[in-house]
$ cat data.csv   # CSV, C-alpha atoms and all ligand atoms
chain,number,residue,atom,x,y,z
A,30,MET,CA,15.3,-4.1,6.0
A,31,PHE,CA,11.8,-3.1,5.4
A,32,LEU,CA,9.5,-4.0,8.3
A,33,ASP,CA,5.9,-4.2,7.4
A,34,HIS,CA,4.5,-6.3,10.3
A,35,VAL,CA,5.2,-6.1,14.0
A,36,GLN,CA,3.7,-7.3,17.2
A,37,LEU,CA,3.8,-5.0,20.2
A,38,ARG,CA,2.9,-5.4,23.8
A,39,VAL,CA,1.4,-2.3,25.4
A,40,ALA,CA,0.4,-1.6,28.9
A,41,ALA,CA,-1.4,1.6,30.1
A,42,GLY,CA,-0.7,2.8,33.6
A,43,HIS,CA,-2.9,1.9,36.5
A,44,GLY,CA,-4.8,4.6,38.2
A,45,GLY,CA,-3.4,5.8,41.6
A,46,SER,CA,-5.4,4.9,44.7
A,47,GLY,CA,-7.5,7.4,46.5
A,48,ALA,CA,-6.2,8.5,49.9
A,49,MET,CA,-7.6,7.8,53.3
A,50,SER,CA,-6.8,10.7,55.5
A,51,PHE,CA,-8.3,13.0,58.2
A,52,ARG,CA,-7.6,16.6,58.9
A,53,ARG,CA,-5.4,17.0,61.9
A,54,GLU,CA,-5.3,20.4,63.4
A,55,LYS,CA,-4.3,21.6,66.8
A,56,PHE,CA,-7.8,22.2,68.0
A,57,ALA,CA,-9.6,19.6,65.9
A,58,PRO,CA,-8.0,16.3,66.7
A,59,GLU,CA,-10.8,14.5,64.9
A,60,GLY,CA,-11.1,16.6,61.8
A,61,GLY,CA,-13.1,15.6,58.8
A,62,PRO,CA,-11.9,13.3,55.9
A,63,ASP,CA,-9.5,15.0,53.5
A,64,GLY,CA,-8.1,12.1,51.4
A,65,GLY,CA,-7.6,13.2,47.7
A,66,ASP,CA,-8.3,11.1,44.6
A,67,GLY,CA,-5.7,9.1,42.8
A,68,GLY,CA,-4.4,10.3,39.4
A,69,LYS,CA,-5.3,8.7,36.1
A,70,GLY,CA,-2.9,6.2,34.6
A,71,GLY,CA,-1.2,7.2,31.3
A,72,SER,CA,-2.7,5.8,28.1
A,73,ILE,CA,-0.9,4.4,25.0
A,74,LEU,CA,-1.7,6.1,21.8
A,75,LEU,CA,-0.7,5.5,18.2
A,76,ARG,CA,-0.2,8.5,15.9
A,77,ALA,CA,0.3,8.5,12.1
A,78,ASN,CA,3.4,10.4,10.9
A,79,ARG,CA,3.9,10.9,7.2
A,80,ALA,CA,7.7,11.1,7.7
A,81,LEU,CA,7.8,7.4,8.4
A,82,ASN,CA,7.7,4.8,5.6
A,83,THR,CA,8.3,1.6,7.7
A,84,LEU,CA,7.7,0.1,11.1
A,85,ASN,CA,11.5,-0.1,11.6
A,86,PRO,CA,11.3,2.0,14.8
A,87,TYR,CA,9.8,-1.1,16.4
A,88,ARG,CA,12.5,-3.6,15.2
A,89,HIS,CA,14.1,-3.8,18.7
A,90,LYS,CA,11.8,-2.3,21.3
A,91,ARG,CA,8.4,-3.9,21.3
A,92,GLU,CA,7.1,-3.4,24.8
A,93,PHE,CA,5.7,-0.1,26.0
A,94,ALA,CA,4.2,0.9,29.3
A,95,ALA,CA,2.8,4.2,30.3
A,96,GLU,CA,3.2,5.7,33.8
A,97,ARG,CA,0.8,4.9,36.6
A,98,GLY,CA,-1.2,7.6,38.3
A,99,ARG,CA,0.1,8.8,41.6
A,100,GLN,CA,-1.8,8.2,44.9
A,101,GLY,CA,-4.0,10.8,46.3
A,102,GLU,CA,-2.8,12.4,49.5
A,103,GLY,CA,-4.2,14.2,52.6
A,104,SER,CA,-5.3,17.8,52.5
A,105,LEU,CA,-7.4,16.9,49.5
A,106,ARG,CA,-4.4,16.6,47.2
A,107,HIS,CA,-5.1,14.7,44.1
A,108,GLY,CA,-2.4,12.4,42.7
A,109,LYS,CA,-0.7,13.4,39.5
A,110,ASP,CA,-1.9,11.8,36.3
A,111,GLY,CA,0.5,9.4,34.6
A,112,LEU,CA,2.0,10.6,31.2
A,113,ASP,CA,0.6,9.1,28.0
A,114,VAL,CA,3.0,7.3,25.7
A,115,THR,CA,2.5,8.1,22.0
A,116,LEU,CA,4.0,5.7,19.4
A,117,GLU,CA,4.5,7.1,15.9
A,118,VAL,CA,3.6,4.9,12.9
A,119,PRO,CA,3.6,5.4,9.2
A,120,LEU,CA,0.5,6.3,7.2
A,121,GLY,CA,-1.3,3.1,6.1
A,122,THR,CA,-0.8,1.2,9.4
A,123,LEU,CA,-3.6,-1.3,10.2
A,124,VAL,CA,-3.9,-1.9,13.9
A,125,LYS,CA,-5.3,-5.2,15.2
A,126,ASP,CA,-5.8,-6.8,18.6
A,127,GLY,CA,-3.2,-9.5,18.6
A,128,ASP,CA,-5.4,-12.0,20.5
A,129,THR,CA,-8.7,-11.6,18.8
A,130,GLY,CA,-7.6,-10.3,15.4
A,131,GLU,CA,-10.2,-7.6,15.7
A,132,VAL,CA,-9.3,-4.5,13.6
A,133,LEU,CA,-9.0,-1.6,16.1
A,134,ALA,CA,-8.0,1.2,13.6
A,135,GLU,CA,-6.4,2.1,10.4
A,136,LEU,CA,-4.3,5.2,10.4
A,137,LEU,CA,-4.4,7.0,7.1
A,138,ALA,CA,-4.0,10.7,7.7
A,139,HIS,CA,-1.0,12.5,9.1
A,140,GLY,CA,-1.6,13.3,12.8
A,141,GLN,CA,-4.5,10.9,13.2
A,142,GLU,CA,-4.4,9.4,16.7
A,143,VAL,CA,-6.0,6.4,18.3
A,144,CYS,CA,-5.9,5.2,21.9
A,145,VAL,CA,-5.0,1.5,22.0
A,146,ALA,CA,-4.8,1.0,25.8
A,147,ARG,CA,-6.6,3.3,28.2
A,148,GLY,CA,-5.1,4.3,31.5
A,149,GLY,CA,-6.9,3.3,34.6
A,150,ARG,CA,-9.1,5.9,36.4
A,151,GLY,CA,-7.8,7.1,39.7
A,152,GLY,CA,-9.6,5.9,42.9
A,153,LEU,CA,-11.7,8.2,45.0
A,154,GLY,CA,-10.3,9.5,48.2
A,155,ASN,CA,-12.3,9.1,51.4
A,156,THR,CA,-13.7,12.6,51.4
A,157,ASN,CA,-16.0,11.4,48.7
A,158,PHE,CA,-17.7,9.0,51.0
A,159,LYS,CA,-18.7,11.3,53.9
A,160,SER,CA,-22.4,11.6,54.6
A,161,ALA,CA,-24.7,12.7,57.3
A,162,THR,CA,-24.5,9.4,59.0
A,163,ASN,CA,-20.8,8.8,58.5
A,164,ARG,CA,-18.6,11.7,59.1
A,165,THR,CA,-15.4,9.7,59.4
A,166,PRO,CA,-15.5,7.4,56.3
A,167,ARG,CA,-12.5,5.1,56.1
A,168,HIS,CA,-13.6,3.9,52.6
A,169,HIS,CA,-11.4,4.9,49.7
A,170,GLN,CA,-11.0,3.3,46.3
A,171,PRO,CA,-8.0,1.7,44.7
A,172,GLY,CA,-7.1,2.9,41.2
A,173,GLU,CA,-8.5,1.1,38.2
A,174,GLU,CA,-6.2,-1.1,36.3
A,175,GLY,CA,-4.7,0.1,33.0
A,176,GLU,CA,-5.6,-1.8,29.8
A,177,GLU,CA,-3.0,-4.2,28.5
A,178,ARG,CA,-2.9,-5.5,25.0
A,179,THR,CA,-1.0,-7.3,22.3
A,180,LEU,CA,-1.2,-5.3,19.1
A,181,ASP,CA,-0.5,-6.5,15.5
A,182,LEU,CA,0.6,-3.6,13.3
A,183,GLU,CA,0.5,-4.2,9.6
A,184,LEU,CA,1.7,-1.7,7.1
A,185,LYS,CA,0.2,-1.3,3.7
A,186,LEU,CA,2.3,1.3,1.9
A,187,ILE,CA,0.3,4.1,0.4
A,188,ALA,CA,1.6,5.0,-3.0
A,189,ASP,CA,-0.1,6.6,-5.9
A,190,VAL,CA,1.5,4.4,-8.5
A,191,GLY,CA,2.6,0.7,-8.3
A,192,LEU,CA,5.1,-0.9,-10.6
A,193,VAL,CA,4.6,-4.4,-11.9
A,194,GLY,CA,6.6,-6.5,-14.3
A,195,PHE,CA,9.0,-9.4,-14.7
A,196,PRO,CA,12.2,-9.5,-12.6
A,197,ASN,CA,14.9,-7.5,-14.4
A,198,ALA,CA,12.3,-5.4,-16.3
A,199,GLY,CA,13.9,-2.2,-15.0
A,200,LYS,CA,11.5,-1.3,-12.2
A,201,SER,CA,14.1,-0.3,-9.6
A,202,THR,CA,16.1,1.6,-12.3
A,203,LEU,CA,13.0,3.6,-13.1
A,204,VAL,CA,12.4,4.5,-9.4
A,205,SER,CA,16.0,5.5,-9.0
A,206,ARG,CA,15.8,7.8,-12.1
A,207,LEU,CA,12.5,9.4,-11.1
A,208,SER,CA,13.0,9.8,-7.3
A,209,ALA,CA,15.7,10.2,-4.7
A,210,ALA,CA,15.1,6.6,-3.6
A,211,ARG,CA,18.2,4.4,-4.1
A,212,PRO,CA,16.9,0.8,-4.6
A,213,LYS,CA,19.3,-2.0,-5.3
A,214,ILE,CA,19.7,-2.6,-9.1
A,215,ALA,CA,21.4,-5.6,-10.6
A,216,ASP,CA,21.3,-7.7,-13.8
A,217,TYR,CA,19.9,-10.8,-12.1
A,218,PRO,CA,16.2,-11.5,-11.3
A,219,PHE,CA,14.8,-10.9,-7.8
A,220,THR,CA,17.2,-8.1,-6.9
A,221,THR,CA,14.4,-6.3,-5.2
A,222,LEU,CA,13.2,-8.3,-2.2
A,223,GLU,CA,11.1,-5.8,-0.4
A,224,PRO,CA,8.9,-2.9,-1.5
A,225,GLN,CA,10.3,0.6,-1.5
A,226,LEU,CA,8.7,3.9,-2.0
A,227,GLY,CA,10.0,6.9,-3.9
A,228,VAL,CA,8.6,10.4,-4.1
A,229,VAL,CA,8.6,11.7,-7.7
A,230,SER,CA,8.8,15.5,-7.7
A,231,LEU,CA,8.2,17.2,-11.0
A,232,ASP,CA,10.7,19.7,-9.9
A,233,ARG,CA,13.4,17.2,-11.0
A,234,PHE,CA,12.1,17.6,-14.6
A,235,GLY,CA,11.6,21.3,-14.6
A,236,GLY,CA,8.1,21.2,-13.2
A,237,ASP,CA,6.6,22.6,-10.0
A,238,LEU,CA,8.2,21.7,-6.7
A,239,LEU,CA,4.8,21.1,-5.2
A,240,ASP,CA,3.7,18.6,-7.8
A,241,SER,CA,4.7,15.1,-6.7
A,242,TRP,CA,3.5,11.6,-6.5
A,243,VAL,CA,4.6,8.4,-4.7
A,244,ILE,CA,5.8,5.3,-6.6
A,245,ALA,CA,6.1,1.9,-5.1
A,246,ASP,CA,8.8,-0.5,-6.4
A,247,ILE,CA,8.0,-4.1,-5.6
A,248,PRO,CA,9.7,-7.5,-6.4
A,249,GLY,CA,9.3,-8.9,-9.9
A,250,LEU,CA,6.5,-11.4,-10.7
A,251,ILE,CA,6.8,-14.6,-12.7
A,252,GLU,CA,4.3,-17.1,-14.1
A,253,GLY,CA,2.7,-18.9,-11.2
A,254,ALA,CA,3.5,-16.2,-8.7
A,255,ALA,CA,-0.1,-16.3,-7.6
A,256,SER,CA,0.5,-19.9,-6.4
A,257,GLY,CA,3.8,-19.0,-4.7
A,258,ALA,CA,6.4,-19.2,-7.5
A,259,GLY,CA,9.3,-16.8,-7.2
A,260,LEU,CA,8.7,-14.5,-4.3
A,261,GLY,CA,5.0,-15.0,-4.7
A,262,ILE,CA,2.5,-12.2,-4.9
A,263,GLN,CA,2.2,-11.2,-1.3
A,264,PHE,CA,3.9,-7.9,-2.3
A,265,LEU,CA,1.1,-7.0,-4.5
A,266,ARG,CA,-0.9,-6.0,-1.4
A,267,HIS,CA,1.4,-3.0,-1.2
A,268,VAL,CA,0.2,-1.8,-4.5
A,269,GLU,CA,-3.5,-2.7,-3.9
A,270,ARG,CA,-4.2,0.8,-2.7
A,271,THR,CA,-2.4,2.7,-5.4
A,272,ARG,CA,-4.4,4.6,-8.0
A,273,MET,CA,-2.8,3.2,-11.0
A,274,LEU,CA,-0.2,0.7,-12.1
A,275,LEU,CA,2.7,1.0,-14.5
A,276,HIS,CA,3.4,-2.4,-16.1
A,277,LEU,CA,7.0,-2.5,-17.3
A,278,VAL,CA,7.9,-4.6,-20.3
A,279,ASP,CA,11.6,-5.2,-21.2
A,280,LEU,CA,11.8,-4.6,-24.9
A,281,SER,CA,15.5,-5.7,-25.0
A,282,ASP,CA,14.7,-9.2,-23.6
A,283,PRO,CA,15.9,-11.6,-26.4
A,284,VAL,CA,13.9,-14.5,-25.0
A,285,THR,CA,10.4,-13.4,-24.0
A,286,GLU,CA,8.2,-11.7,-26.5
A,287,PRO,CA,6.3,-8.6,-25.2
A,288,ALA,CA,3.0,-10.3,-25.8
A,289,GLU,CA,4.0,-13.3,-23.6
A,290,ALA,CA,5.4,-11.0,-20.8
A,291,ILE,CA,2.3,-9.0,-20.8
A,292,ARG,CA,0.0,-12.1,-20.7
A,293,VAL,CA,1.8,-13.5,-17.7
A,294,ILE,CA,1.9,-10.4,-15.6
A,295,GLU,CA,-1.8,-9.6,-16.4
A,296,GLY,CA,-2.7,-13.1,-15.3
A,297,GLU,CA,-0.9,-12.8,-12.0
A,298,VAL,CA,-2.5,-9.3,-11.3
A,299,GLU,CA,-5.9,-10.7,-12.0
A,300,ALA,CA,-5.3,-13.8,-9.9
A,301,PHE,CA,-4.4,-11.6,-7.0
A,302,SER,CA,-7.5,-9.5,-6.7
A,303,PRO,CA,-10.3,-7.9,-8.7
A,304,VAL,CA,-9.5,-4.6,-7.0
A,305,LEU,CA,-6.0,-4.6,-8.5
A,306,ALA,CA,-7.2,-5.8,-11.8
A,307,ALA,CA,-9.7,-2.9,-12.1
A,308,LYS,CA,-7.0,-0.3,-11.7
A,309,PRO,CA,-5.9,1.8,-14.7
A,310,ARG,CA,-2.7,0.2,-16.1
A,311,TRP,CA,-0.3,1.6,-18.5
A,312,LEU,CA,2.1,-0.5,-20.5
A,313,VAL,CA,5.6,1.0,-20.5
A,314,GLY,CA,8.3,-0.4,-22.8
A,315,THR,CA,11.7,-0.2,-21.1
A,316,LYS,CA,15.4,-0.4,-22.1
A,317,LEU,CA,14.7,1.4,-25.4
A,318,ASP,CA,18.5,2.0,-25.7
A,319,ALA,CA,19.2,-1.7,-25.8
A,320,LEU,CA,16.6,-2.7,-28.3
A,321,GLN,CA,17.9,-5.5,-30.5
A,322,ASP,CA,15.4,-5.5,-33.3
A,323,ASP,CA,12.5,-3.4,-34.3
A,324,ALA,CA,10.1,-6.3,-34.2
A,325,ARG,CA,9.9,-6.1,-30.4
A,326,ARG,CA,9.1,-2.4,-30.6
A,327,GLU,CA,6.4,-2.9,-33.3
A,328,ALA,CA,4.8,-5.8,-31.5
A,329,PHE,CA,4.6,-3.6,-28.4
A,330,GLU,CA,3.1,-0.8,-30.3
A,331,ALA,CA,0.5,-3.1,-31.7
A,332,LEU,CA,-0.4,-4.4,-28.2
A,333,CYS,CA,-0.8,-0.9,-26.9
A,334,ALA,CA,-3.0,0.0,-29.9
A,335,GLN,CA,-5.2,-3.0,-29.1
A,336,ARG,CA,-5.9,-1.5,-25.7
A,337,GLY,CA,-6.4,1.9,-27.0
A,338,GLN,CA,-3.2,3.1,-25.4
A,339,LYS,CA,-0.5,5.2,-26.9
A,340,PRO,CA,2.8,3.4,-26.3
A,341,VAL,CA,5.1,4.7,-23.7
A,342,PHE,CA,8.8,4.1,-24.1
A,343,ILE,CA,11.6,4.8,-21.7
A,344,SER,CA,15.3,4.2,-21.1
A,345,GLY,CA,16.8,4.3,-17.7
A,346,VAL,CA,20.2,4.7,-19.3
A,347,THR,CA,19.6,7.6,-21.6
A,348,GLY,CA,16.7,9.1,-19.6
A,349,GLU,CA,14.5,9.1,-22.7
A,350,GLY,CA,10.8,9.2,-22.0
A,351,LEU,CA,11.2,9.8,-18.2
A,352,ARG,CA,10.1,13.4,-18.2
A,353,ASP,CA,7.0,12.7,-20.3
A,354,LEU,CA,6.1,9.7,-18.1
A,355,ALA,CA,6.4,11.8,-14.9
A,356,PHE,CA,4.2,14.5,-16.2
A,357,ALA,CA,1.6,12.1,-17.8
A,358,VAL,CA,1.3,10.2,-14.5
A,359,ASP,CA,0.9,13.5,-12.5
A,360,ALA,CA,-1.8,14.7,-14.9
A,361,MET,CA,-3.6,11.3,-14.7
A,362,LEU,CA,-3.5,11.4,-10.8
A,363,LYS,CA,-4.9,15.0,-10.9
A,364,GLY,CA,-7.9,13.7,-12.9
A,365,LYS,CA,-6.9,15.3,-16.2
A,366,ASP,CA,-7.4,13.0,-19.1
A,367,ALA,CA,-3.8,12.2,-19.7
A,368,ALA,CA,-4.0,8.5,-20.5
A,369,PRO,CA,-1.5,7.9,-23.3
B,401,LIG,N1,20.3,-0.9,-21.2
B,401,LIG,C1,19.5,-0.7,-20.2
B,401,LIG,N2,19.6,-1.5,-19.1
B,401,LIG,C2,18.6,-1.3,-18.1
B,401,LIG,C3,17.6,-0.3,-18.2
B,401,LIG,N3,16.9,-0.3,-17.1
B,401,LIG,C4,17.4,-1.3,-16.3
B,401,LIG,N4,18.5,-1.8,-16.9
B,401,LIG,C5,19.3,-2.9,-16.4
B,401,LIG,O1,18.5,-4.1,-16.2
B,401,LIG,C6,18.9,-4.8,-15.0
B,401,LIG,C7,17.7,-5.0,-14.1
B,401,LIG,O2,17.3,-3.7,-13.6
B,401,LIG,P1,16.5,-3.5,-12.3
B,401,LIG,O3,16.1,-2.1,-12.3
B,401,LIG,O4,17.2,-4.0,-11.1
B,401,LIG,O5,15.2,-4.4,-12.6
B,401,LIG,P2,14.0,-4.8,-11.7
B,401,LIG,O6,12.8,-4.8,-12.5
B,401,LIG,O7,14.0,-3.9,-10.5
B,401,LIG,O8,14.4,-6.2,-11.2
B,401,LIG,P3,13.9,-7.1,-9.9
B,401,LIG,O9,14.1,-6.2,-8.7
B,401,LIG,O10,14.8,-8.3,-9.9
B,401,LIG,O11,12.5,-7.4,-10.2
B,401,LIG,C8,20.0,-4.0,-14.4
B,401,LIG,O12,21.3,-4.6,-14.9
B,401,LIG,C9,19.9,-2.6,-15.0
B,401,LIG,O13,21.1,-1.9,-15.1
B,401,LIG,C10,17.6,0.5,-19.4
B,401,LIG,O14,16.8,1.4,-19.6
B,401,LIG,N5,18.5,0.2,-20.4
B,402,MG,MG,14.1,-4.3,-8.6
$ encode --input "data.csv" --output "structure tokens"
Amino acid sequence: MFLDHVQLRVAAGHGGSGAMSFRREKFAPEGGPDGGDGGKGGSILLRANRALNTLNPYRHKREFAAERGRQGEGSLRHGKDGLDVTLEVPLGTLVKDGDTGEVLAELLAHGQEVCVARGGRGGLGNTNFKSATNRTPRHHQPGEEGEERTLDLELKLIADVGLVGFPNAGKSTLVSRLSAARPKIADYPFTTLEPQLGVVSLDRFGGDLLDSWVIADIPGLIEGAASGAGLGIQFLRHVERTRMLLHLVDLSDPVTEPAEAIRVIEGEVEAFSPVLAAKPRWLVGTKLDALQDDARREAFEALCAQRGQKPVFISGVTGEGLRDLAFAVDAMLKGKDAAP
């Protein structure tokens, strides 16, 4: 299952206490103070790792504690610092304080790190408190407490391209043909229940291995999704940060006309957010191999023309149009004027 929200309990280590100790030597029974400082407690850090696409590592283990600092000792020996604990999270993880809701960080770049619970400082040993008037200080500090916190981690997938369309439009089929991702595909609506990412490498279509983009498959939308119908539109937040949308229209659907399908999906996208509605959107006619009558195709062409877009047709069965689409999207993302 795809985990996109998780609550963690984290506790940094306490600082070790400073030592209270006096030098003891054969000829100096009352030596000066030599109590070392305590070590610092370990902190809890989050680090973004591009190899992760989900919060699944936190499905079972949700409590993390870092080591405490060791106590200082005599002979001015400082206690050892506690080790930090670093938790890896996917790019696009939003970190909030679970109690206040305050946003602590958003991890967007590979390797980016944030400290979410600071380890306590070590206490000072008694040598720090000697003075002209007090040569045998007994004062020493306890270690500071480590921070503890409840964290809400929320993942917003970062994909370049988001897919929208009716259930059964062929979204998952497209992802499976373009990338190595293997989403579930079936001839009933709402097969996809959770978003999934696929990496589209142009290498697959004879292009350069280094040219690739990320596509996000999400559940289908239906009329009224904005007010909760079907699976609702909460999944649209996963495509909110993409750079463009592909709007898939099933041209073989005997019931729904392309114009009607497009009107409904556009309405839901607009109801979701102005940010999403402002993204470039390409209409893509799917299931070209199963087209029943040419009227559907012509209607779709006319609708594309109205928007000043060249029609894009694909078939997940024959593979027609997939290569052109992959290259056109890549060029669009690179800022070349490739809009069809
Ligand atoms: N003939 C034909 N069938 C297709 C094509 N693409 C998808 N299908 C079929 O259409 C059905 C739905 O495909 P999916 O890829 O699961 O559709 P989806 O848009 O992901 O559907 P949801 O996850 O329910 O929103 C499956 O039975 C596919 O085999 C195509 O190009 N041609
Ligand atoms: Mg699907």
$ residues_around --input "data.csv" --residues "segment 263-280 of chain A" --least-positions-apart "5" --cutoff "9 Å" --atoms "all atoms listed in the file" --output "ChimeraX atom specification"
/A:184-195,197-200,223-224,244-248,255,257,285-287,290-291,294-295,298,301-302,304-305,308-317,319-321,325-326,329,358,361-362
$ residues_around --input "data.csv" --residues "Asp359 of chain A" --least-positions-apart "6" --cutoff "12 Å" --atoms "all atoms listed in the file" --output "list in words"
Asp189, Val190, Val228, Val229, Ser230, Leu231, Asp232, Gly236, Asp237, Leu239, Asp240, Ser241, Trp242, Val243, Ile244, Arg272, Met273, Arg352, Asp353, Lys365, Asp366, Ala367 and Ala368 of chain A
$ residues_around --input "data.csv" --residues "Leu84 of chain A" --least-positions-apart "2" --cutoff "9 Å" --atoms "all atoms listed in the file" --output "list in words"
Phe31, Leu32, Asp33, His34, Val35, Leu81, Asn82, Pro86, Tyr87, Arg88, Val118, Pro119, Thr122, Leu182, Glu183 and Leu184 of chain A
$ residues_around --input "data.csv" --residues "Glu349 of chain A" --least-positions-apart "6" --cutoff "9 Å" --atoms "all atoms listed in the file" --output "PyMOL selection string"
chain A and resi 317-318+342-343
$ atom_distance --input "data.csv" --atom1 "atom CA of His107 of chain A" --atom2 "atom CA of Ala48 of chain A"
8.6 Å
$ atom_distance --input "data.csv" --atom1 "atom CA of Leu250 of chain A" --atom2 "atom CA of Thr220 of chain A"
11.8 Å
$ build_atoms --input "data.csv" --residues "segment 319-326 of chain A" --atoms "all heavy atoms" --output "CSV table (one decimal), in the frame of the given file"
chain,number,residue,atom,x,y,z
A,319,ALA,N,18.6,-0.4,-25.6
A,319,ALA,CA,19.2,-1.7,-25.8
A,319,ALA,C,18.4,-2.6,-26.7
A,319,ALA,O,18.7,-3.8,-26.9
A,319,ALA,CB,19.4,-2.4,-24.5
A,320,LEU,N,17.4,-2.0,-27.4
A,320,LEU,CA,16.6,-2.7,-28.3
A,320,LEU,C,17.4,-3.4,-29.4
A,320,LEU,O,18.2,-2.8,-30.0
A,320,LEU,CB,15.6,-1.7,-29.0
A,320,LEU,CG,14.3,-2.2,-29.5
A,320,LEU,CD1,13.5,-2.7,-28.4
A,320,LEU,CD2,13.6,-1.0,-30.2
A,321,GLN,N,17.1,-4.7,-29.5
A,321,GLN,CA,17.9,-5.5,-30.5
A,321,GLN,C,17.3,-5.4,-31.9
A,321,GLN,O,18.0,-5.3,-32.9
A,321,GLN,CB,18.0,-7.0,-30.1
A,321,GLN,CG,18.8,-7.2,-28.7
A,321,GLN,CD,20.2,-6.7,-28.8
A,321,GLN,OE1,20.8,-6.7,-29.8
A,321,GLN,NE2,20.7,-6.2,-27.6
A,322,ASP,N,16.0,-5.6,-32.0
A,322,ASP,CA,15.4,-5.5,-33.3
A,322,ASP,C,14.1,-4.8,-33.2
A,322,ASP,O,13.4,-4.8,-32.1
A,322,ASP,CB,15.2,-7.0,-33.9
A,322,ASP,CG,14.2,-7.8,-33.0
A,322,ASP,OD1,14.6,-8.2,-31.9
A,322,ASP,OD2,13.1,-7.9,-33.4
A,323,ASP,N,13.7,-4.2,-34.3
A,323,ASP,CA,12.5,-3.4,-34.3
A,323,ASP,C,11.2,-4.2,-34.1
A,323,ASP,O,10.2,-3.6,-33.8
A,323,ASP,CB,12.5,-2.5,-35.5
A,323,ASP,CG,13.3,-1.2,-35.3
A,323,ASP,OD1,13.5,-0.9,-34.1
A,323,ASP,OD2,13.7,-0.6,-36.3
A,324,ALA,N,11.3,-5.5,-34.3
A,324,ALA,CA,10.1,-6.3,-34.2
A,324,ALA,C,9.5,-6.2,-32.8
A,324,ALA,O,8.3,-6.1,-32.7
A,324,ALA,CB,10.4,-7.8,-34.6
A,325,ARG,N,10.3,-6.2,-31.8
A,325,ARG,CA,9.9,-6.1,-30.4
A,325,ARG,C,9.1,-4.8,-30.2
A,325,ARG,O,8.0,-4.8,-29.6
A,325,ARG,CB,11.1,-6.1,-29.5
A,325,ARG,CG,11.7,-7.4,-29.3
A,325,ARG,CD,11.0,-8.2,-28.2
A,325,ARG,NE,11.8,-9.4,-27.8
A,325,ARG,CZ,11.8,-10.6,-28.4
A,325,ARG,NH1,11.1,-10.8,-29.5
A,325,ARG,NH2,12.5,-11.6,-27.9
A,326,ARG,N,9.7,-3.8,-30.8
A,326,ARG,CA,9.1,-2.4,-30.6
A,326,ARG,C,7.7,-2.4,-31.3
A,326,ARG,O,6.7,-1.9,-30.8
A,326,ARG,CB,10.0,-1.4,-31.2
A,326,ARG,CG,9.5,0.0,-31.0
A,326,ARG,CD,10.4,1.0,-31.8
A,326,ARG,NE,9.8,2.3,-31.7
A,326,ARG,CZ,10.4,3.3,-31.2
A,326,ARG,NH1,11.6,3.2,-30.7
A,326,ARG,NH2,9.8,4.5,-31.1
